[in-house]
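The file upload_28.txt comes next; it holds compact mmCIF, C-alpha atoms and all ligand atoms.
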# COMPACT_ATOMS: atom_id res chain seq x y z
CA MET A 1 97.15 158.39 63.63
CA ALA A 2 96.43 155.16 61.81
CA LYS A 3 95.87 155.26 58.08
CA ALA A 4 92.21 155.60 57.19
CA LYS A 5 92.23 152.88 54.55
CA ASN A 6 94.42 149.94 53.61
CA ASN A 7 94.75 147.93 50.43
CA LYS A 8 95.26 144.48 51.97
CA LEU A 9 93.13 141.61 50.79
CA VAL A 10 89.86 140.61 52.46
CA ILE A 11 88.20 137.57 50.90
CA VAL A 12 84.62 136.56 51.63
CA LEU A 13 84.07 132.94 50.57
CA LEU A 14 80.50 131.80 49.98
CA GLY A 15 79.12 128.50 48.73
CA ARG A 16 76.75 125.63 49.41
CA PRO A 17 77.88 122.99 51.88
CA GLY A 18 80.39 120.79 50.07
CA ALA A 19 81.44 123.48 47.59
CA GLY A 20 85.06 123.22 48.73
CA LYS A 21 85.28 126.41 50.80
CA ASP A 22 87.68 124.88 53.35
CA THR A 23 89.95 123.46 50.65
CA GLN A 24 90.11 126.75 48.74
CA GLN A 25 90.58 128.66 51.96
CA GLU A 26 93.69 126.63 52.83
CA LEU A 27 95.13 127.17 49.34
CA LEU A 28 94.48 130.92 49.53
CA LYS A 29 96.04 131.19 52.99
CA LYS A 30 99.23 129.51 51.77
CA LYS A 31 99.40 131.53 48.57
CA PHE A 32 98.90 134.97 50.12
CA GLY A 33 99.92 134.42 53.76
CA LEU A 34 96.44 135.30 54.97
CA THR A 35 94.83 134.66 58.32
CA SER A 36 91.09 134.19 58.83
CA ILE A 37 88.10 135.31 60.83
CA SER A 38 86.08 132.22 61.66
CA THR A 39 82.83 133.04 63.43
CA GLY A 40 82.60 129.42 64.64
CA ASP A 41 86.07 129.56 66.25
CA LEU A 42 85.38 132.97 67.80
CA LEU A 43 82.15 131.67 69.33
CA ARG A 44 83.82 128.56 70.74
CA GLN A 45 86.58 130.70 72.28
CA ARG A 46 84.12 133.19 73.73
CA ALA A 47 82.04 130.37 75.26
CA LYS A 48 85.02 129.55 77.51
CA ILE A 49 84.46 132.76 79.47
CA GLN A 50 81.63 131.72 81.77
CA ASP A 51 79.73 135.01 82.00
CA PHE A 52 76.19 135.63 80.76
CA THR A 53 77.12 135.78 77.08
CA GLY A 54 79.66 132.96 77.28
CA LYS A 55 77.14 130.61 78.89
CA LYS A 56 74.45 131.54 76.41
CA ILE A 57 76.78 130.98 73.44
CA GLY A 58 77.61 127.55 74.90
CA GLN A 59 73.93 126.67 75.06
CA CYS A 60 73.38 127.81 71.48
CA ILE A 61 76.33 125.73 70.24
CA ASN A 62 75.12 122.63 72.07
CA SER A 63 71.53 122.92 70.94
CA GLY A 64 72.42 123.91 67.35
CA ASN A 65 70.43 127.14 67.70
CA ARG A 66 71.33 130.11 65.55
CA MET A 67 73.45 132.81 67.10
CA ALA A 68 72.04 136.34 67.32
CA THR A 69 73.64 138.63 64.72
CA PRO A 70 74.89 141.26 67.25
CA ILE A 71 77.00 138.57 68.91
CA ALA A 72 78.78 137.75 65.65
CA PHE A 73 79.26 141.46 65.04
CA TYR A 74 80.71 142.04 68.48
CA LEU A 75 83.21 139.21 68.03
CA TRP A 76 84.26 140.41 64.56
CA MET A 77 84.84 143.91 65.88
CA GLN A 78 87.17 142.58 68.57
CA LYS A 79 89.08 140.54 66.01
CA LEU A 80 89.37 143.50 63.64
CA GLU A 81 90.64 145.63 66.52
CA GLU A 82 93.29 142.97 67.15
CA PHE A 83 94.28 143.06 63.45
CA ALA A 84 94.51 146.85 63.59
CA LYS A 85 97.18 146.56 66.31
CA LYS A 86 99.30 144.09 64.34
CA GLN A 87 101.45 145.32 61.48
CA ASN A 88 102.06 141.82 60.10
CA VAL A 89 98.49 140.89 59.16
CA ARG A 90 98.62 140.61 55.37
CA GLY A 91 94.89 140.19 54.92
CA PHE A 92 92.23 137.69 55.91
CA ILE A 93 89.49 135.35 54.78
CA VAL A 94 86.02 135.58 56.30
CA ASP A 95 85.14 131.98 57.07
CA GLY A 96 81.53 130.81 57.39
CA SER A 97 79.99 134.29 57.27
CA PRO A 98 78.02 136.32 56.53
CA ARG A 99 75.09 133.97 56.93
CA THR A 100 72.28 136.48 56.63
CA VAL A 101 71.80 139.77 54.79
CA TYR A 102 71.89 141.48 58.18
CA GLU A 103 75.33 140.04 58.81
CA ALA A 104 76.46 141.06 55.33
CA GLU A 105 75.47 144.66 56.01
CA MET A 106 77.13 144.63 59.41
CA LEU A 107 80.30 143.13 57.98
CA GLU A 108 80.42 145.98 55.45
CA MET A 109 80.18 148.52 58.26
CA ALA A 110 82.80 146.77 60.38
CA LEU A 111 85.28 146.55 57.48
CA ASP A 112 84.61 150.16 56.62
CA TRP A 113 85.26 151.25 60.21
CA TYR A 114 88.70 149.65 60.19
CA GLY A 115 89.58 150.77 56.66
CA TRP A 116 89.63 147.37 54.97
CA ALA A 117 88.71 148.68 51.53
CA ASN A 118 89.93 145.82 49.29
CA LYS A 119 87.19 143.22 49.74
CA LYS A 120 86.62 140.40 47.21
CA VAL A 121 83.53 138.21 47.38
CA ILE A 122 83.98 134.75 45.88
CA TYR A 123 80.97 132.48 45.34
CA LEU A 124 81.84 128.84 44.77
CA TRP A 125 78.81 127.69 42.84
CA LEU A 126 77.68 124.10 43.25
CA SER A 127 74.29 122.57 42.39
CA ALA A 128 72.09 121.31 45.23
CA LYS A 129 72.31 117.85 43.66
CA GLU A 130 76.13 117.80 43.70
CA SER A 131 76.15 119.21 47.23
CA MET A 132 73.94 116.33 48.38
CA ARG A 133 76.17 113.80 46.59
CA ARG A 134 79.40 115.17 48.12
CA LEU A 135 78.00 115.42 51.63
CA THR A 136 76.50 111.93 51.68
CA LYS A 137 79.86 110.55 50.53
CA ARG A 138 82.30 112.61 52.60
CA ARG A 139 83.97 111.08 55.63
CA ILE A 140 85.36 112.08 59.00
CA CYS A 141 88.39 110.77 60.92
CA GLN A 142 87.25 108.80 63.96
CA LYS A 143 90.38 109.78 65.85
CA CYS A 144 91.01 113.51 65.19
CA GLY A 145 87.76 114.71 63.59
CA GLU A 146 89.35 115.86 60.32
CA ILE A 147 86.69 116.08 57.60
CA ILE A 148 87.63 114.39 54.33
CA PRO A 149 85.69 115.99 51.46
CA TYR A 150 84.45 113.90 48.56
CA ILE A 151 86.52 115.69 45.93
CA GLY A 152 89.69 115.04 43.93
CA ASP A 153 92.33 112.78 45.50
CA TYR A 154 90.59 112.89 48.90
CA LYS A 155 88.17 110.30 47.51
CA LYS A 156 90.96 107.70 47.35
CA LEU A 157 92.14 108.08 50.95
CA LYS A 158 91.82 104.97 53.09
CA LYS A 159 93.21 106.50 56.31
CA CYS A 160 93.30 110.00 57.82
CA PRO A 161 96.20 111.96 56.22
CA ARG A 162 96.90 113.62 59.57
CA CYS A 163 96.80 110.82 62.11
CA GLU A 164 96.16 107.54 60.23
CA GLY A 165 92.81 107.18 61.99
CA SER A 166 89.99 105.32 60.25
CA LEU A 167 87.47 107.23 58.16
CA VAL A 168 83.71 106.92 58.68
CA ALA A 169 80.53 108.72 57.62
CA ARG A 170 79.57 111.69 59.80
CA ALA A 171 76.60 111.13 62.10
CA ASP A 172 74.70 114.20 60.85
CA ASP A 173 75.48 113.61 57.18
CA THR A 174 72.22 111.73 56.66
CA ARG A 175 69.98 112.68 53.72
CA GLU A 176 67.57 114.36 56.15
CA GLY A 177 70.33 116.31 57.89
CA ILE A 178 71.81 117.44 54.60
CA LYS A 179 68.39 118.46 53.25
CA LYS A 180 67.96 120.71 56.29
CA ARG A 181 71.32 122.37 55.71
CA LEU A 182 70.55 122.90 52.02
CA ALA A 183 67.16 124.42 52.90
CA TRP A 184 68.88 126.75 55.35
CA PHE A 185 71.39 127.76 52.67
CA LYS A 186 68.58 128.59 50.26
CA LYS A 187 66.61 130.57 52.80
CA GLU A 188 69.42 132.53 54.50
CA VAL A 189 72.62 132.44 52.46
CA LEU A 190 71.32 132.74 48.88
CA PRO A 191 69.93 136.19 49.73
CA VAL A 192 73.48 137.09 50.85
CA VAL A 193 74.80 135.89 47.47
CA ASN A 194 72.16 138.04 45.74
CA TYR A 195 72.97 140.99 47.99
CA PHE A 196 76.59 140.99 46.76
CA ARG A 197 75.49 140.24 43.18
CA LYS A 198 73.24 143.31 43.12
CA ARG A 199 76.13 145.43 44.33
CA GLY A 200 78.24 144.11 41.45
CA GLU A 201 80.72 142.54 43.87
CA LEU A 202 80.07 138.84 43.33
CA ARG A 203 82.72 136.77 41.59
CA GLN A 204 81.12 133.44 40.72
CA ILE A 205 83.27 130.36 40.18
CA ASN A 206 82.15 126.91 39.01
CA GLY A 207 82.79 124.80 42.11
CA GLU A 208 82.10 121.53 40.30
CA GLN A 209 85.47 121.64 38.53
CA PRO A 210 88.60 119.88 39.87
CA ILE A 211 90.20 121.58 42.91
CA GLU A 212 93.18 122.98 40.95
CA LYS A 213 90.94 124.47 38.27
CA VAL A 214 88.66 126.06 40.86
CA PHE A 215 91.74 127.58 42.51
CA GLN A 216 93.02 128.97 39.19
CA ASP A 217 89.62 130.56 38.61
CA VAL A 218 89.61 132.00 42.12
CA LEU A 219 93.05 133.55 41.53
CA GLY A 220 91.81 134.96 38.22
CA ALA A 221 88.72 136.39 39.92
CA LEU A 222 90.85 138.10 42.58
CA LYS A 223 92.73 140.03 39.89
CA LYS A 224 89.54 141.54 38.46
ZN ZN B 1 92.80 111.92 61.90
Just give me the structure of the file as structure tokens.
Amino acid sequence: MAKAKNNKLVIVLLGRPGAGKDTQQELLKKKFGLTSISTGDLLRQRAKIQDFTGKKIGQCINSGNRMATPIAFYLWMQKLEEFAKKQNVRGFIVDGSPRTVYEAEMLEMALDWYGWANKKVIYLWLSAKESMRRLTKRRICQKCGEIIPYIGDYKKLKKCPRCEGSLVARADDTREGIKKRLAWFKKEVLPVVNYFRKRGELRQINGEQPIEKVFQDVLGALKK
């Protein structure tokens, strides 16, 4: 029988748009050899199967509508089942979730079911003002779609570091578009932050510091 609990690392990364979640995620993956559960990727994969749910997920993605929470839950459970079969999974980062308190509660239950007992919740704090500034100034590669955040040395880039493509502003990074995303964060995700804070699980980091300093603080927070 499988062991009831394991001590491998599970990191939940939360933060306003532009807080540097992707950048920190990459650093953490390299440092600890982690994989990730990305709800967005799981949805895009599932949409390829053209059954009822697959078609409906495709419609939601295309129209920008929110996905029903049970769908996210069902995809996480499949991914966690996959991890349970593999001996070499050293831990994982939960990417882009939970996005509602409902999802936070369901994630708890799913992790508990599979015995992932060592969960760390990191909140990269960033003011709404700085979030707006970073998002209006960030760029995207016209060729490969790589997003170039407006932080640290990324600011100086003239070409895409991956494919040399030219960098332009993203179509939905208008002030109006960003305002909508910030309003959504406040309404849906801040309650998730408070949910973990109340449980004494939140490790808050100042996301307005340079990338390397944020990463040092994240590493420090993981030891607590
Ligand atoms: Zn590129």
Mind checking which residues fall within 9 Å of A:Glu146, counting all atoms listed in the file, ignoring those fewer than 4 positions away in the same chain, and posting them as a ChimeraX atom specification?
-> /A:139-142,160-162
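Shortest separation to A:Lys179 among A:Arg203, A:Lys129, A:Lys156, A:Lys8 occurs at residue A:Lys129, atoms counted being all atoms listed in the file.
Pairwise distance (atom CA of A:Asp172, atom CA of A:Ser97) equals 21.1 Å.
Distances from A:Lys143, A:Arg181, A:Lys223, A:Arg175 to ligand ZN 1 (chain B) were compared using all atoms listed in the file, and the smallest one belongs to A:Lys143.
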Can you list, as a ChimeraX atom specification, every protein, DNA or RNA residue that comes within 9 Å of A:Leu182 when you count only C-alpha atoms, leaving out same-chain residues fewer than 4 positions away?
-> /A:16-17,128,131-132,177-178,186-187
Could you pull the residues within 12 Å of A:Tyr195, counting all atoms listed in the file, minus those fewer than 3 positions along the same chain, as a PyMOL selection string?
-> chain A and resi 98-105+108+121+123+188-192+198-202
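Coordinates place atom CA of A:Asp95 at a distance of 18.4 Å from atom CA of A:Ile57.
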Could I get stretch 158-172 of chain A rebuilt with N, CA and C atoms, written as a PDB file, in the frame of the given file?
ATOM      1  N   LYS A 158      92.331 106.092  52.289  1.00  0.00           N
ATOM      2  CA  LYS A 158      91.820 104.970  53.090  1.00  0.00           C
ATOM      3  C   LYS A 158      91.948 105.275  54.591  1.00  0.00           C
ATOM      4  N   LYS A 159      92.948 106.125  54.905  1.00  0.00           N
ATOM      5  CA  LYS A 159      93.210 106.500  56.310  1.00  0.00           C
ATOM      6  C   LYS A 159      93.288 108.019  56.400  1.00  0.00           C
ATOM      7  N   CYS A 160      93.168 108.558  57.611  1.00  0.00           N
ATOM      8  CA  CYS A 160      93.300 110.000  57.820  1.00  0.00           C
ATOM      9  C   CYS A 160      94.727 110.449  57.460  1.00  0.00           C
ATOM     10  N   PRO A 161      94.863 111.495  56.604  1.00  0.00           N
ATOM     11  CA  PRO A 161      96.200 111.960  56.220  1.00  0.00           C
ATOM     12  C   PRO A 161      96.961 112.585  57.387  1.00  0.00           C
ATOM     13  N   ARG A 162      96.256 112.973  58.437  1.00  0.00           N
ATOM     14  CA  ARG A 162      96.900 113.620  59.570  1.00  0.00           C
ATOM     15  C   ARG A 162      97.386 112.616  60.605  1.00  0.00           C
ATOM     16  N   CYS A 163      96.486 111.658  60.953  1.00  0.00           N
ATOM     17  CA  CYS A 163      96.800 110.820  62.110  1.00  0.00           C
ATOM     18  C   CYS A 163      96.621 109.327  61.843  1.00  0.00           C
ATOM     19  N   GLU A 164      96.321 108.958  60.561  1.00  0.00           N
ATOM     20  CA  GLU A 164      96.160 107.540  60.230  1.00  0.00           C
ATOM     21  C   GLU A 164      94.906 106.917  60.824  1.00  0.00           C
ATOM     22  N   GLY A 165      94.046 107.709  61.416  1.00  0.00           N
ATOM     23  CA  GLY A 165      92.810 107.180  61.990  1.00  0.00           C
ATOM     24  C   GLY A 165      91.883 106.654  60.905  1.00  0.00           C
ATOM     25  N   SER A 166      90.890 105.845  61.287  1.00  0.00           N
ATOM     26  CA  SER A 166      89.990 105.320  60.250  1.00  0.00           C
ATOM     27  C   SER A 166      88.897 106.324  59.928  1.00  0.00           C
ATOM     28  N   LEU A 167      88.428 106.267  58.682  1.00  0.00           N
ATOM     29  CA  LEU A 167      87.470 107.230  58.160  1.00  0.00           C
ATOM     30  C   LEU A 167      86.070 106.637  58.121  1.00  0.00           C
ATOM     31  N   VAL A 168      85.111 107.391  58.651  1.00  0.00           N
ATOM     32  CA  VAL A 168      83.710 106.920  58.680  1.00  0.00           C
ATOM     33  C   VAL A 168      82.783 108.050  58.223  1.00  0.00           C
ATOM     34  N   ALA A 169      81.519 107.700  57.975  1.00  0.00           N
ATOM     35  CA  ALA A 169      80.530 108.720  57.620  1.00  0.00           C
ATOM     36  C   ALA A 169      80.217 109.547  58.865  1.00  0.00           C
ATOM     37  N   ARG A 170      79.909 110.833  58.663  1.00  0.00           N
ATOM     38  CA  ARG A 170      79.570 111.690  59.800  1.00  0.00           C
ATOM     39  C   ARG A 170      78.139 111.428  60.245  1.00  0.00           C
ATOM     40  N   ALA A 171      77.915 111.465  61.554  1.00  0.00           N
ATOM     41  CA  ALA A 171      76.600 111.130  62.100  1.00  0.00           C
ATOM     42  C   ALA A 171      75.486 112.017  61.534  1.00  0.00           C
ATOM     43  N   ASP A 172      75.775 113.318  61.335  1.00  0.00           N
ATOM     44  CA  ASP A 172      74.700 114.200  60.850  1.00  0.00           C
ATOM     45  C   ASP A 172      74.713 114.376  59.335  1.00  0.00           C
TER      46      ASP A 172
END
